[in-house]
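> File input.csv follows (CSV, C-alpha atoms and all ligand atoms):
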chain,number,residue,atom,x,y,z
A,1,MET,CA,0.0,0.0,0.0
A,2,LEU,CA,1.7,3.2,-1.2
A,3,LEU,CA,1.6,6.2,1.2
A,4,ALA,CA,2.5,9.8,0.3
A,5,ALA,CA,6.3,10.1,1.1
A,6,ASP,CA,6.0,6.8,2.9
A,7,LYS,CA,4.5,8.7,5.9
A,8,LEU,CA,1.2,8.2,7.7
A,9,ARG,CA,-0.6,11.0,9.6
A,10,LEU,CA,-3.3,9.9,12.0
A,11,ILE,CA,-5.6,12.8,12.8
A,12,VAL,CA,-7.1,11.4,15.9
A,13,THR,CA,-9.6,14.1,16.9
A,14,GLY,CA,-11.1,17.3,15.5
A,15,LYS,CA,-11.4,18.7,19.0
A,16,CYS,CA,-9.0,21.1,20.7
A,17,ASN,CA,-8.7,22.7,24.1
A,18,LEU,CA,-7.6,26.0,22.4
A,19,ASP,CA,-8.9,28.0,19.5
A,20,CYS,CA,-6.0,29.7,17.7
A,21,PHE,CA,-7.3,32.2,15.1
A,22,TYR,CA,-5.3,30.6,12.3
A,23,CYS,CA,-6.1,27.0,13.0
A,24,HIS,CA,-6.6,24.8,9.9
A,25,ASN,CA,-7.2,21.7,12.1
A,26,GLU,CA,-5.5,19.5,9.5
A,27,GLY,CA,-8.4,20.2,7.1
A,28,GLN,CA,-11.2,19.1,9.4
A,29,ALA,CA,-14.1,21.0,10.7
A,30,LYS,CA,-13.8,21.8,14.5
A,31,GLU,CA,-15.9,18.9,15.7
A,32,ASP,CA,-15.9,16.5,18.7
A,33,THR,CA,-14.8,13.6,16.5
A,34,PHE,CA,-12.4,10.9,17.8
A,35,MET,CA,-10.7,8.2,15.8
A,36,ARG,CA,-12.2,4.8,16.6
A,37,LEU,CA,-9.7,2.1,17.6
A,38,ASP,CA,-11.6,-0.4,15.3
A,39,ASP,CA,-10.8,1.9,12.3
A,40,LEU,CA,-7.2,2.2,13.4
A,41,ARG,CA,-6.8,-1.5,13.9
A,42,ARG,CA,-8.1,-2.2,10.3
A,43,ILE,CA,-5.6,0.3,8.9
A,44,ALA,CA,-2.8,-1.3,10.9
A,45,ASP,CA,-3.8,-4.7,9.7
A,46,ALA,CA,-3.8,-3.4,6.1
A,47,VAL,CA,-0.3,-2.0,6.7
A,48,ILE,CA,0.9,-5.5,7.7
A,49,THR,CA,-1.0,-7.4,5.0
A,50,THR,CA,0.2,-5.2,2.2
A,51,ASP,CA,3.8,-5.0,3.5
A,52,THR,CA,3.6,-1.2,3.5
A,53,THR,CA,6.7,0.9,4.1
A,54,ILE,CA,6.2,3.6,6.7
A,55,SER,CA,9.1,5.9,7.6
A,56,GLU,CA,7.1,7.9,10.2
A,57,VAL,CA,3.7,7.9,11.8
A,58,THR,CA,2.6,11.4,13.0
A,59,ILE,CA,-0.3,11.7,15.4
A,60,SER,CA,-2.1,15.0,15.2
A,61,GLY,CA,-5.5,16.7,15.7
A,62,GLY,CA,-7.1,18.9,17.0
A,63,GLU,CA,-5.3,18.2,20.3
A,64,PRO,CA,-4.4,14.5,20.5
A,65,PHE,CA,-4.2,14.6,24.3
A,66,LEU,CA,-8.0,14.9,24.4
A,67,HIS,CA,-8.3,11.5,22.9
A,68,PRO,CA,-9.1,9.1,25.8
A,69,GLN,CA,-7.3,6.2,24.1
A,70,LEU,CA,-4.2,8.1,23.0
A,71,GLU,CA,-1.8,5.7,24.6
A,72,THR,CA,-3.4,2.7,22.8
A,73,ILE,CA,-3.2,4.6,19.5
A,74,VAL,CA,0.5,5.2,20.1
A,75,ALA,CA,1.0,1.6,20.9
A,76,ILE,CA,-0.7,0.4,17.8
A,77,ALA,CA,1.3,2.8,15.7
A,78,ALA,CA,4.5,1.8,17.4
A,79,GLY,CA,3.8,-1.8,16.5
A,80,ARG,CA,4.0,-0.9,12.8
A,81,CYS,CA,6.7,1.9,12.8
A,82,ASP,CA,9.5,2.7,15.1
A,83,ARG,CA,9.2,6.4,14.5
A,84,VAL,CA,6.1,7.7,16.1
A,85,THR,CA,5.6,11.4,16.6
A,86,LEU,CA,2.9,13.4,18.3
A,87,VAL,CA,1.9,17.0,17.5
A,88,SER,CA,0.5,18.9,20.5
A,89,ASN,CA,0.1,22.3,22.0
A,90,GLY,CA,1.5,20.7,25.2
A,91,VAL,CA,-1.0,22.3,27.6
A,92,LEU,CA,-2.4,18.9,28.7
A,93,ALA,CA,1.0,17.1,28.6
A,94,GLU,CA,1.2,16.2,32.3
A,95,PRO,CA,4.3,14.2,33.3
A,96,ASP,CA,2.5,11.0,34.1
A,97,ARG,CA,0.7,11.0,30.7
A,98,VAL,CA,4.0,11.8,29.0
A,99,ARG,CA,5.6,8.8,30.7
A,100,ALA,CA,2.7,6.6,29.6
A,101,LEU,CA,3.1,7.7,26.0
A,102,ALA,CA,6.8,6.9,26.2
A,103,ARG,CA,6.1,3.4,27.5
A,104,ALA,CA,3.6,3.0,24.6
A,105,GLY,CA,6.4,3.8,22.1
A,106,LEU,CA,6.2,7.5,21.4
A,107,ARG,CA,9.6,8.8,20.2
A,108,LYS,CA,9.0,12.5,19.4
A,109,LEU,CA,6.9,15.3,20.6
A,110,ARG,CA,6.4,18.3,18.3
A,111,LEU,CA,5.3,21.0,20.6
A,112,GLY,CA,3.4,24.0,19.2
A,113,VAL,CA,4.4,27.0,21.2
A,114,ASP,CA,4.0,30.5,19.6
A,115,SER,CA,5.1,32.5,22.6
A,116,LEU,CA,7.1,32.1,25.8
A,117,ASP,CA,4.3,34.0,27.6
A,118,SER,CA,3.3,31.3,30.2
A,119,THR,CA,-0.4,32.1,30.2
A,120,LYS,CA,-0.7,32.9,26.5
A,121,PRO,CA,1.4,30.4,24.5
A,122,ARG,CA,-0.9,30.5,21.5
A,123,PRO,CA,-3.2,33.1,19.9
A,124,SER,CA,-6.3,31.6,21.5
A,125,PRO,CA,-8.9,33.8,23.2
A,126,GLY,CA,-8.2,34.6,26.8
A,127,ARG,CA,-5.3,33.3,29.0
A,128,LEU,CA,-4.6,29.9,30.5
A,129,GLY,CA,-5.9,29.5,34.0
A,130,LYS,CA,-2.7,27.5,34.9
A,131,PRO,CA,0.7,28.7,33.7
A,132,PHE,CA,2.3,26.6,30.9
A,133,ALA,CA,6.0,26.2,31.1
A,134,VAL,CA,7.4,24.8,27.9
A,135,GLY,CA,10.7,24.1,29.7
A,136,SER,CA,8.9,21.7,32.1
A,137,VAL,CA,7.2,19.8,29.3
A,138,LEU,CA,10.6,19.6,27.5
A,139,ALA,CA,12.2,18.2,30.7
A,140,SER,CA,9.5,15.6,31.4
A,141,ALA,CA,9.6,14.4,27.8
A,142,ARG,CA,13.3,14.1,27.7
A,143,THR,CA,13.4,12.3,31.1
A,144,ALA,CA,10.9,9.8,29.6
A,145,GLY,CA,13.1,9.3,26.6
A,146,ILE,CA,11.0,11.3,24.1
A,147,GLY,CA,12.7,13.9,21.8
A,148,VAL,CA,11.2,17.3,21.4
A,149,ASP,CA,11.0,19.8,18.6
A,150,LEU,CA,9.2,23.2,18.7
A,151,ASN,CA,6.7,24.4,16.1
A,152,VAL,CA,5.9,28.1,15.8
A,153,VAL,CA,3.3,29.8,13.5
A,154,LEU,CA,4.6,33.3,12.6
A,155,THR,CA,1.9,35.9,12.9
A,156,LYS,CA,1.3,39.4,14.1
A,157,PHE,CA,0.7,37.9,17.5
A,158,ASN,CA,4.3,36.7,18.0
A,159,ARG,CA,6.5,38.7,15.6
A,160,LYS,CA,8.4,40.0,18.7
A,161,GLN,CA,8.9,36.5,20.0
A,162,ILE,CA,11.2,35.3,17.3
A,163,ALA,CA,14.4,36.2,19.0
A,164,PRO,CA,13.4,34.9,22.4
A,165,LEU,CA,12.2,31.6,20.9
A,166,VAL,CA,15.4,31.2,18.9
A,167,ARG,CA,17.4,32.0,22.1
A,168,PHE,CA,15.3,29.4,24.0
A,169,ALA,CA,15.9,26.8,21.2
A,170,VAL,CA,19.7,27.3,21.3
A,171,ASP,CA,19.9,27.4,25.1
A,172,HIS,CA,17.8,24.2,25.5
A,173,ALA,CA,19.3,22.4,22.5
A,174,VAL,CA,15.9,21.9,20.8
A,175,SER,CA,15.3,22.3,17.1
A,176,ILE,CA,12.6,24.8,16.1
A,177,LYS,CA,10.5,25.3,13.0
A,178,PHE,CA,8.8,28.7,12.2
A,179,PHE,CA,5.8,28.4,9.8
A,180,GLU,CA,4.4,31.2,7.7
A,181,HIS,CA,0.8,32.0,8.3
A,182,VAL,CA,-1.8,30.3,6.1
A,183,ALA,CA,-5.3,31.8,5.9
A,184,VAL,CA,-8.2,29.2,5.8
A,185,SER,CA,-11.3,30.2,3.7
A,186,THR,CA,-13.1,26.8,3.9
A,187,PHE,CA,-12.5,23.4,5.2
A,188,GLY,CA,-12.9,20.3,3.0
A,189,ALA,CA,-15.9,18.0,3.8
A,190,GLY,CA,-18.5,16.0,2.0
A,191,GLY,CA,-16.7,16.0,-1.3
A,192,ALA,CA,-15.8,19.7,-1.5
A,193,GLY,CA,-12.2,20.7,-1.3
A,194,GLY,CA,-11.0,23.2,1.3
A,195,SER,CA,-9.3,26.4,0.4
A,196,MET,CA,-6.2,27.9,2.1
A,197,THR,CA,-3.9,30.7,1.0
A,198,ALA,CA,-0.4,31.6,2.2
A,199,VAL,CA,-0.7,35.1,3.8
A,200,PRO,CA,2.6,35.6,5.6
A,201,HIS,CA,2.4,38.1,8.4
A,202,VAL,CA,6.2,38.1,8.9
A,203,SER,CA,8.5,38.4,5.9
A,204,LEU,CA,11.5,36.1,5.6
A,205,ASP,CA,13.8,39.2,5.9
A,206,GLU,CA,12.1,40.2,9.2
A,207,PHE,CA,12.5,36.6,10.5
A,208,ILE,CA,16.1,36.4,9.5
A,209,GLY,CA,16.8,39.9,11.0
A,210,GLN,CA,15.4,38.8,14.4
A,211,ALA,CA,17.1,35.4,14.3
A,212,ARG,CA,20.5,37.0,13.5
A,213,ALA,CA,20.1,39.1,16.6
A,214,VAL,CA,20.7,35.8,18.5
A,215,LEU,CA,22.6,33.7,15.9
A,216,GLY,CA,25.0,36.4,14.8
A,217,PRO,CA,25.1,38.7,11.6
A,218,ASP,CA,26.5,36.0,9.3
A,219,ALA,CA,23.9,33.3,10.1
A,220,ALA,CA,22.8,31.9,6.7
A,221,PHE,CA,19.6,30.0,6.0
A,222,ALA,CA,19.9,27.4,3.2
A,223,PRO,CA,17.3,25.3,1.4
A,224,VAL,CA,16.6,21.9,2.8
A,225,GLU,CA,16.1,18.9,0.6
A,226,PRO,CA,13.6,17.6,-0.5
A,227,PHE,CA,11.7,20.9,0.2
A,228,GLY,CA,14.0,23.2,-1.7
A,229,GLU,CA,13.2,26.9,-1.2
A,230,ALA,CA,10.1,26.0,0.7
A,231,ASN,CA,12.2,25.2,3.8
A,232,LEU,CA,15.3,27.3,4.8
A,233,SER,CA,17.5,26.2,7.6
A,234,HIS,CA,20.3,27.2,9.8
A,235,LEU,CA,22.2,24.8,12.1
A,236,VAL,CA,23.8,25.6,15.5
A,237,GLY,CA,25.6,22.3,16.2
A,238,THR,CA,22.7,19.8,16.1
A,239,VAL,CA,20.0,22.4,16.7
A,240,GLU,CA,18.1,23.4,13.6
A,241,ILE,CA,16.4,26.7,13.1
A,242,ARG,CA,14.0,26.4,10.1
A,243,TYR,CA,11.7,28.7,8.3
A,244,CYS,CA,8.9,26.8,6.5
A,245,ARG,CA,6.7,28.2,3.7
A,246,TYR,CA,3.3,26.8,2.9
A,247,LEU,CA,4.0,23.6,1.0
A,248,CYS,CA,1.0,23.8,-1.4
A,249,THR,CA,2.5,26.8,-2.9
A,250,TYR,CA,5.4,24.6,-4.1
A,251,GLY,CA,3.3,21.6,-4.9
A,252,LEU,CA,5.0,19.7,-2.1
A,253,CYS,CA,2.2,19.3,0.4
A,254,TRP,CA,2.2,15.5,-0.2
A,255,LEU,CA,5.6,15.4,1.6
A,256,THR,CA,3.8,15.5,4.9
A,257,GLY,CA,2.3,12.1,4.2
A,258,THR,CA,-1.1,10.5,3.9
A,259,ARG,CA,-3.7,11.7,6.4
A,260,ILE,CA,-6.5,9.6,7.8
A,261,ASP,CA,-9.0,11.4,10.1
A,262,PRO,CA,-11.7,10.3,12.6
A,263,GLN,CA,-14.4,10.5,9.9
A,264,ARG,CA,-12.2,8.1,7.8
A,265,TYR,CA,-11.4,10.7,5.1
A,266,VAL,CA,-8.0,10.0,3.5
A,267,TYR,CA,-6.0,12.8,2.0
A,268,ASN,CA,-2.5,13.8,1.1
A,269,CYS,CA,-3.2,17.5,1.1
A,270,MET,CA,-5.5,19.4,3.5
A,271,THR,CA,-7.4,20.9,0.6
A,272,ASN,CA,-8.1,17.4,-0.8
A,273,ARG,CA,-10.1,16.3,2.2
A,274,GLY,CA,-13.5,15.1,1.3
A,275,LEU,CA,-12.5,13.4,-2.0
A,276,ASP,CA,-11.6,9.9,-0.6
A,277,ARG,CA,-13.2,8.1,2.3
A,278,LEU,CA,-12.9,4.6,3.8
A,279,ALA,CA,-16.1,2.7,4.2
A,280,ALA,CA,-16.9,1.8,7.8
A,281,ASP,CA,-16.4,-1.9,7.0
A,282,ALA,CA,-13.8,-1.6,4.3
A,283,LYS,CA,-11.8,-4.8,3.9
A,284,VAL,CA,-8.0,-4.8,3.4
A,285,GLU,CA,-8.2,-4.7,-0.4
A,286,GLU,CA,-10.7,-1.9,-0.6
A,287,LEU,CA,-9.0,0.0,2.2
A,288,ALA,CA,-5.6,-0.2,0.4
A,289,ARG,CA,-7.2,1.0,-2.9
A,290,VAL,CA,-8.7,4.1,-1.3
A,291,VAL,CA,-5.5,4.9,0.6
A,292,GLU,CA,-3.4,4.6,-2.6
A,293,ARG,CA,-5.8,6.7,-4.6
A,294,ALA,CA,-5.8,9.5,-2.0
A,295,SER,CA,-2.0,9.3,-1.6
A,296,ALA,CA,-1.4,9.8,-5.3
A,297,ARG,CA,-3.8,12.8,-5.8
A,298,PRO,CA,-2.4,16.0,-7.2
A,299,CYS,CA,-2.7,19.0,-4.8
A,300,GLU,CA,-6.1,20.7,-5.3
A,301,ALA,CA,-5.1,23.8,-3.4
A,302,ARG,CA,-6.7,27.0,-4.6
A,303,THR,CA,-3.6,28.9,-3.4
A,304,ILE,CA,-2.4,32.2,-4.6
A,305,ARG,CA,0.7,33.6,-2.9
A,306,THR,CA,-0.3,37.2,-2.2
A,307,SER,CA,3.3,38.2,-1.5
A,308,HIS,CA,6.6,36.4,-1.5
A,309,PRO,CA,8.6,37.6,1.4
A,401,LIG,S1,-3.7,24.3,19.3
A,401,LIG,FE1,-3.5,23.5,17.2
A,401,LIG,S2,-5.4,22.4,16.9
A,401,LIG,FE2,-5.7,23.6,18.7
A,401,LIG,S3,-6.7,25.5,18.0
A,401,LIG,FE3,-4.5,25.9,18.0
A,401,LIG,S4,-3.8,25.4,15.9
A,401,LIG,FE4,-5.8,24.4,16.2
Render the structure in this file as structure tokens.

Amino acid sequence: MLLAADKLRLIVTGKCNLDCFYCHNEGQAKEDTFMRLDDLRRIADAVITTDTTISEVTISGGEPFLHPQLETIVAIAAGRCDRVTLVSNGVLAEPDRVRALARAGLRKLRLGVDSLDSTKPRPSPGRLGKPFAVGSVLASARTAGIGVDLNVVLTKFNRKQIAPLVRFAVDHAVSIKFFEHVAVSTFGAGGAGGSMTAVPHVSLDEFIGQARAVLGPDAAFAPVEPFGEANLSHLVGTVEIRYCRYLCTYGLCWLTGTRIDPQRYVYNCMTNRGLDRLAADAKVEELARVVERASARPCEARTIRTSHP
């Protein structure tokens, strides 16, 4: 069974504990949907039966920590792939839950933190009732044997946070990716494609200027293969500081892998959601056929880059 870029992305819920203004929710509507273990087990069986190569399983949402069976999901994924990664805002990442995920086979946590402000780490309405310390989550994950990377969406909200976040990354030896802002017009559902457009709030020049305040005036950002100009990176030892452009603009969205969501939609690009769906009782052969069709679709993004920073 062929997957886009040999990667599988399990979107385990449409629900989140935050409400960031730019949220694309991996193409889903914001609903209280949760991946069913039965569906996941059928997908896992198909992976075995068809001898599918998977280089990475990424578990995302919504906020995956809201899924009551997250540890089981990680264990099933880890039984098929030794590189299991979780994308989370980290607010619900209590140390005991992090340890349980490590025991289940989680290897990496991609922590979405747009600001070091402890009660406002994301551009979600209001402030957190309980302070969120990214350093504490980092420490508990590492103690449990889980690697951590940071993800940051660059917007007007956090344009003054670039230097502090780069400083944090270097000081804590954690790699960090900065993503340009993407505006969502519609989400895909029921056979209609979604629509998203790259609308950068922070130019590449502004980003590099702030990063150089920490990294030094000669810090250079070079293209990263296989992303080319879509990803520009600077290394400080083993710590990577990366600027990521919206992949649809470059026709490279498929590099993030084949997504399967709680409503059994299968898509290689967020704007293709709604075009392919697994039947609730799909047998291995049918399931593999739908996954392969979705994995090979061209990007349907209606994207126009309004400005190229
Ligand atoms: S934390 Fe992530 S999933 Fe939740 S609202 Fe923000 S961007 Fe969306």
> Within 9 Å of ligand LIG 401 (chain A), counting all atoms listed in the file, which protein or nucleic acid residues do you find, written as a short mmCIF file (atom, residue, chain, number, x, y, z; two decimals) with C-alpha atoms, keeping the file's coordinate frame?

data_model
loop_
_atom_site.label_atom_id
_atom_site.label_comp_id
_atom_site.auth_asym_id
_atom_site.auth_seq_id
_atom_site.Cartn_x
_atom_site.Cartn_y
_atom_site.Cartn_z
CA GLY A 14 -11.10 17.30 15.50
CA LYS A 15 -11.40 18.70 19.00
CA CYS A 16 -9.00 21.10 20.70
CA ASN A 17 -8.70 22.70 24.10
CA LEU A 18 -7.60 26.00 22.40
CA ASP A 19 -8.90 28.00 19.50
CA CYS A 20 -6.00 29.70 17.70
CA PHE A 21 -7.30 32.20 15.10
CA TYR A 22 -5.30 30.60 12.30
CA CYS A 23 -6.10 27.00 13.00
CA HIS A 24 -6.60 24.80 9.90
CA ASN A 25 -7.20 21.70 12.10
CA GLU A 26 -5.50 19.50 9.50
CA LYS A 30 -13.80 21.80 14.50
CA SER A 60 -2.10 15.00 15.20
CA GLY A 61 -5.50 16.70 15.70
CA GLY A 62 -7.10 18.90 17.00
CA GLU A 63 -5.30 18.20 20.30
CA PRO A 64 -4.40 14.50 20.50
CA VAL A 87 1.90 17.00 17.50
CA SER A 88 0.50 18.90 20.50
CA ASN A 89 0.10 22.30 22.00
CA GLY A 90 1.50 20.70 25.20
CA VAL A 91 -1.00 22.30 27.60
CA GLY A 112 3.40 24.00 19.20
CA VAL A 113 4.40 27.00 21.20
CA ARG A 122 -0.90 30.50 21.50
CA PRO A 123 -3.20 33.10 19.90
CA SER A 124 -6.30 31.60 21.50
CA VAL A 153 3.30 29.80 13.50
#
> Tell me, as a count of residues only, which residues lie within 6 Å of Lys177 of chain A, counting all atoms listed in the file; anything in the same chain fewer than 5 positions away does not count.
3
> Rank nothing, just name the residue among A:Arg142, A:Val174, A:Thr197, A:Arg42 nearest to Thr249 of chain A, using only C-alpha atoms.
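Ranked by minimum distance to Thr249 of chain A, first place goes to A:Thr197.
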> Atom CA of Gln210 of chain A and atom CA of Gly251 of chain A are how many Å apart?
28.5 Å
> Hey, can you check how far atom CA of Ala288 of chain A sits from atom CA of Asp45 of chain A?
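Atom CA of Asp45 of chain A lies at a distance of 10.5 Å from atom CA of Ala288 of chain A.
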> Which is closer to Ala93 of chain A than all the others in A:Val236, A:Leu165, A:Arg245, A:Arg110, using only C-alpha atoms?
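Counting only C-alpha atoms, the residue closest to Ala93 of chain A is A:Arg110.
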> With only C-alpha atoms as the basis for distance, which of A:Thr58, A:Thr143, A:Ser185, A:Ser136 is at the shortest distance from Leu106 of chain A?
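Comparing A:Thr58, A:Thr143, A:Ser185, A:Ser136 against Leu106 of chain A, the winner is A:Thr58.
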> If we count only C-alpha atoms and set the cut-off at 9 Å, which residues sit around Gly257 of chain A, ignoring sequence neighbours fewer than 2 positions away in its own chain? Please answer as a ChimeraX atom specification.
/A:3-9,56-58,253-255,259,267-269,295
> Would you pick out the contacts of Lys160 of chain A at 12 Å or less, using only C-alpha atoms, so that residues sharing its chain but fewer than 2 positions from it are not included, and give the list as a PyMOL selection string?
chain A and resi 114-117+154-158+162-166+202+206-207+209-211+213
> For each of A:Ser140, A:Gln69, A:Asn272, A:Thr53, take the minimum atom-to-atom distance to Arg36 of chain A, counting only C-alpha atoms, then give the residue where this is smallest.
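When distances to Arg36 of chain A are compared using only C-alpha atoms, the smallest one comes from A:Gln69.
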> Could you check how far atom CA of Val137 of chain A sits from atom CA of Lys108 of chain A, in Å to one decimal?
12.4 Å
> Take the point (16.6, 26.5, 5.8) as written in the file and pick out every residue within 9 Å of it, counting all atoms listed in the file; give the list as a count of residues only.
18
> Given all atoms listed in the file as the basis, pick out the residue of A:Leu66, A:Val291, A:Leu86, A:Ala296 nearest to Met1 of chain A.
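Ranking A:Leu66, A:Val291, A:Leu86, A:Ala296 by distance to Met1 of chain A, first place goes to A:Val291.
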> For Ala75 of chain A, which residue among A:Glu94, A:Glu292, A:Leu37, A:Thr52 is the nearest when counting only C-alpha atoms?
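Nearest candidate to Ala75 of chain A out of A:Glu94, A:Glu292, A:Leu37, A:Thr52: A:Leu37.
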> As a PyMOL selection string, please: the residues near Asp39 of chain A (cut-off 9 Å, all atoms listed in the file, same-chain neighbours under 5 positions excluded).
chain A and resi 44+262+264+280-281
> Export segment 62-126 of chain A of the preceding structure, keeping C-alpha atoms, as a PDB file, in the first residue's frame.

ATOM      1  CA  GLY A  62      -7.099  18.925  17.026  1.00  0.00           C
ATOM      2  CA  GLU A  63      -5.331  18.243  20.287  1.00  0.00           C
ATOM      3  CA  PRO A  64      -4.392  14.536  20.509  1.00  0.00           C
ATOM      4  CA  PHE A  65      -4.166  14.603  24.333  1.00  0.00           C
ATOM      5  CA  LEU A  66      -7.981  14.938  24.354  1.00  0.00           C
ATOM      6  CA  HIS A  67      -8.335  11.453  22.871  1.00  0.00           C
ATOM      7  CA  PRO A  68      -9.076   9.133  25.823  1.00  0.00           C
ATOM      8  CA  GLN A  69      -7.285   6.213  24.107  1.00  0.00           C
ATOM      9  CA  LEU A  70      -4.208   8.092  22.957  1.00  0.00           C
ATOM     10  CA  GLU A  71      -1.786   5.668  24.635  1.00  0.00           C
ATOM     11  CA  THR A  72      -3.415   2.721  22.796  1.00  0.00           C
ATOM     12  CA  ILE A  73      -3.233   4.620  19.505  1.00  0.00           C
ATOM     13  CA  VAL A  74       0.484   5.240  20.055  1.00  0.00           C
ATOM     14  CA  ALA A  75       1.023   1.565  20.934  1.00  0.00           C
ATOM     15  CA  ILE A  76      -0.748   0.386  17.759  1.00  0.00           C
ATOM     16  CA  ALA A  77       1.278   2.844  15.654  1.00  0.00           C
ATOM     17  CA  ALA A  78       4.527   1.846  17.376  1.00  0.00           C
ATOM     18  CA  GLY A  79       3.767  -1.787  16.519  1.00  0.00           C
ATOM     19  CA  ARG A  80       3.980  -0.856  12.821  1.00  0.00           C
ATOM     20  CA  CYS A  81       6.659   1.857  12.800  1.00  0.00           C
ATOM     21  CA  ASP A  82       9.530   2.699  15.118  1.00  0.00           C
ATOM     22  CA  ARG A  83       9.246   6.446  14.475  1.00  0.00           C
ATOM     23  CA  VAL A  84       6.053   7.684  16.119  1.00  0.00           C
ATOM     24  CA  THR A  85       5.648  11.436  16.574  1.00  0.00           C
ATOM     25  CA  LEU A  86       2.924  13.436  18.336  1.00  0.00           C
ATOM     26  CA  VAL A  87       1.929  17.015  17.473  1.00  0.00           C
ATOM     27  CA  SER A  88       0.473  18.876  20.466  1.00  0.00           C
ATOM     28  CA  ASN A  89       0.064  22.296  22.012  1.00  0.00           C
ATOM     29  CA  GLY A  90       1.465  20.681  25.184  1.00  0.00           C
ATOM     30  CA  VAL A  91      -0.972  22.310  27.606  1.00  0.00           C
ATOM     31  CA  LEU A  92      -2.368  18.906  28.675  1.00  0.00           C
ATOM     32  CA  ALA A  93       0.999  17.119  28.636  1.00  0.00           C
ATOM     33  CA  GLU A  94       1.165  16.191  32.332  1.00  0.00           C
ATOM     34  CA  PRO A  95       4.319  14.215  33.278  1.00  0.00           C
ATOM     35  CA  ASP A  96       2.454  10.960  34.073  1.00  0.00           C
ATOM     36  CA  ARG A  97       0.725  11.032  30.689  1.00  0.00           C
ATOM     37  CA  VAL A  98       4.038  11.771  28.957  1.00  0.00           C
ATOM     38  CA  ARG A  99       5.622   8.772  30.702  1.00  0.00           C
ATOM     39  CA  ALA A 100       2.712   6.550  29.641  1.00  0.00           C
ATOM     40  CA  LEU A 101       3.128   7.682  26.025  1.00  0.00           C
ATOM     41  CA  ALA A 102       6.849   6.910  26.190  1.00  0.00           C
ATOM     42  CA  ARG A 103       6.052   3.407  27.459  1.00  0.00           C
ATOM     43  CA  ALA A 104       3.583   2.998  24.578  1.00  0.00           C
ATOM     44  CA  GLY A 105       6.359   3.787  22.080  1.00  0.00           C
ATOM     45  CA  LEU A 106       6.217   7.549  21.433  1.00  0.00           C
ATOM     46  CA  ARG A 107       9.594   8.789  20.193  1.00  0.00           C
ATOM     47  CA  LYS A 108       9.048  12.469  19.442  1.00  0.00           C
ATOM     48  CA  LEU A 109       6.854  15.345  20.592  1.00  0.00           C
ATOM     49  CA  ARG A 110       6.388  18.320  18.253  1.00  0.00           C
ATOM     50  CA  LEU A 111       5.317  21.044  20.604  1.00  0.00           C
ATOM     51  CA  GLY A 112       3.404  23.982  19.153  1.00  0.00           C
ATOM     52  CA  VAL A 113       4.417  27.048  21.151  1.00  0.00           C
ATOM     53  CA  ASP A 114       4.030  30.470  19.562  1.00  0.00           C
ATOM     54  CA  SER A 115       5.120  32.487  22.580  1.00  0.00           C
ATOM     55  CA  LEU A 116       7.065  32.064  25.819  1.00  0.00           C
ATOM     56  CA  ASP A 117       4.309  33.965  27.643  1.00  0.00           C
ATOM     57  CA  SER A 118       3.291  31.281  30.168  1.00  0.00           C
ATOM     58  CA  THR A 119      -0.428  32.060  30.168  1.00  0.00           C
ATOM     59  CA  LYS A 120      -0.678  32.907  26.461  1.00  0.00           C
ATOM     60  CA  PRO A 121       1.440  30.395  24.519  1.00  0.00           C
ATOM     61  CA  ARG A 122      -0.907  30.487  21.505  1.00  0.00           C
ATOM     62  CA  PRO A 123      -3.168  33.120  19.923  1.00  0.00           C
ATOM     63  CA  SER A 124      -6.270  31.566  21.452  1.00  0.00           C
ATOM     64  CA  PRO A 125      -8.875  33.801  23.170  1.00  0.00           C
ATOM     65  CA  GLY A 126      -8.187  34.564  26.820  1.00  0.00           C
TER      66      GLY A 126
END
